[in-house]
Amino acid sequence: MSLDAIDRNIIRLLRLNGRIPNSELAAQVGLSASACLRRVGLLEASGVIRGYTAIIAGPAEEGLTAIVRITLERQTEAYLNRFEAAVRMHPEIQECFLMTGDADYILRASAPNTAAWETIHKDILSRLPGVVRIHSSIAMRNVLHPAHASAARPRTGG
């Protein structure tokens, strides 16, 4: 599906607030309510919009988020399958992406504090099958998260 400027604007606004009323969304993108609803439906049907989610405050939100680059010993199908099956067993790992480039996988994981992160690193990540290198970075804040978006907006005026 080819996206135009209106589609991209709809997506941007839905990323900021997935519960925005259709009438408000339509007004912000310059469409009638029915045309906007039709566009959103097409974005959903084509798979561009795959779903909606709630962002839940809790230990992960209050704690730390780590972005982890993993390199495997080999990139054979068997190694990849074993690694992916093991990752699925650990709820501390929220996202896992098979990558091109110098890392085989990039993970997003969370922990309530640094002591818990050390345990996750030592007892989970380092024991995943086939792992030869782990490179972790701790996120300071998510600039796209709606709770942080207003704090991150530049000020205008005097």
# chains A, B, ... in the order shown; residues from 1 in each chain; ligands from 1
call {"tool": "select_by_dssp", "arguments": {"residues": "stretch 11-157 of chain A", "states": "helix (DSSP H, G or I)", "output": "VMD selection string"}}
result
chain A and resid 11 to 16 22 to 29 33 to 45 59 to 62 77 to 87 114 to 123 125 to 127 146 to 152
call {"tool": "closest_residue", "arguments": {"among": "A:Tyr105, A:Val87, A:Leu98, A:Asn22", "to": "A:Leu125", "atoms": "only C-alpha atoms"}}
result
A:Val87
call {"tool": "residues_around", "arguments": {"residues": "stretch 90-94 of chain A", "least_positions_apart": "6", "cutoff": "8 Å", "atoms": "only C-alpha atoms", "output": "PyMOL selection string"}}
result
chain A and resi 107-111+120+124
call {"tool": "closest_residue", "arguments": {"among": "A:Ala27, A:Asn113, A:Glu84, A:Ala54", "to": "A:Leu13", "atoms": "only C-alpha atoms"}}
result
A:Ala27
call {"tool": "closest_residue", "arguments": {"among": "A:Pro21, A:Gly30, A:Gly130, A:Gly101", "to": "A:Glu77", "atoms": "only C-alpha atoms"}}
result
A:Gly130
call {"tool": "closest_residue", "arguments": {"among": "A:Ala85, A:Gly47, A:Leu64, A:Ile70", "to": "A:Ala116", "atoms": "only C-alpha atoms"}}
result
A:Leu64
call {"tool": "atom_distance", "arguments": {"atom1": "atom CA of A:Arg141", "atom2": "atom CA of A:Leu43"}}
result
29.2 Å
call {"tool": "atom_distance", "arguments": {"atom1": "atom CA of A:Ala103", "atom2": "atom CA of A:Val48"}}
result
26.3 Å
call {"tool": "select_by_dssp", "arguments": {"residues": "chain A", "states": "strand (DSSP E)", "output": "PyMOL selection string"}}
result
chain A and resi 64-72+93-98+105-111+131-138
call {"tool": "atom_distance", "arguments": {"atom1": "atom CA of A:Thr65", "atom2": "atom CA of A:Met140"}}
result
8.0 Å
call {"tool": "residues_around", "arguments": {"residues": "A:Leu42", "least_positions_apart": "6", "cutoff": "12 Å", "atoms": "only C-alpha atoms", "output": "PyMOL selection string"}}
result
chain A and resi 1-3+7+10-11+35-36+48-50
call {"tool": "closest_residue", "arguments": {"among": "A:Glu118, A:Ser137, A:Arg19, A:Ile6", "to": "A:Gly51", "atoms": "only C-alpha atoms"}}
result
A:Arg19
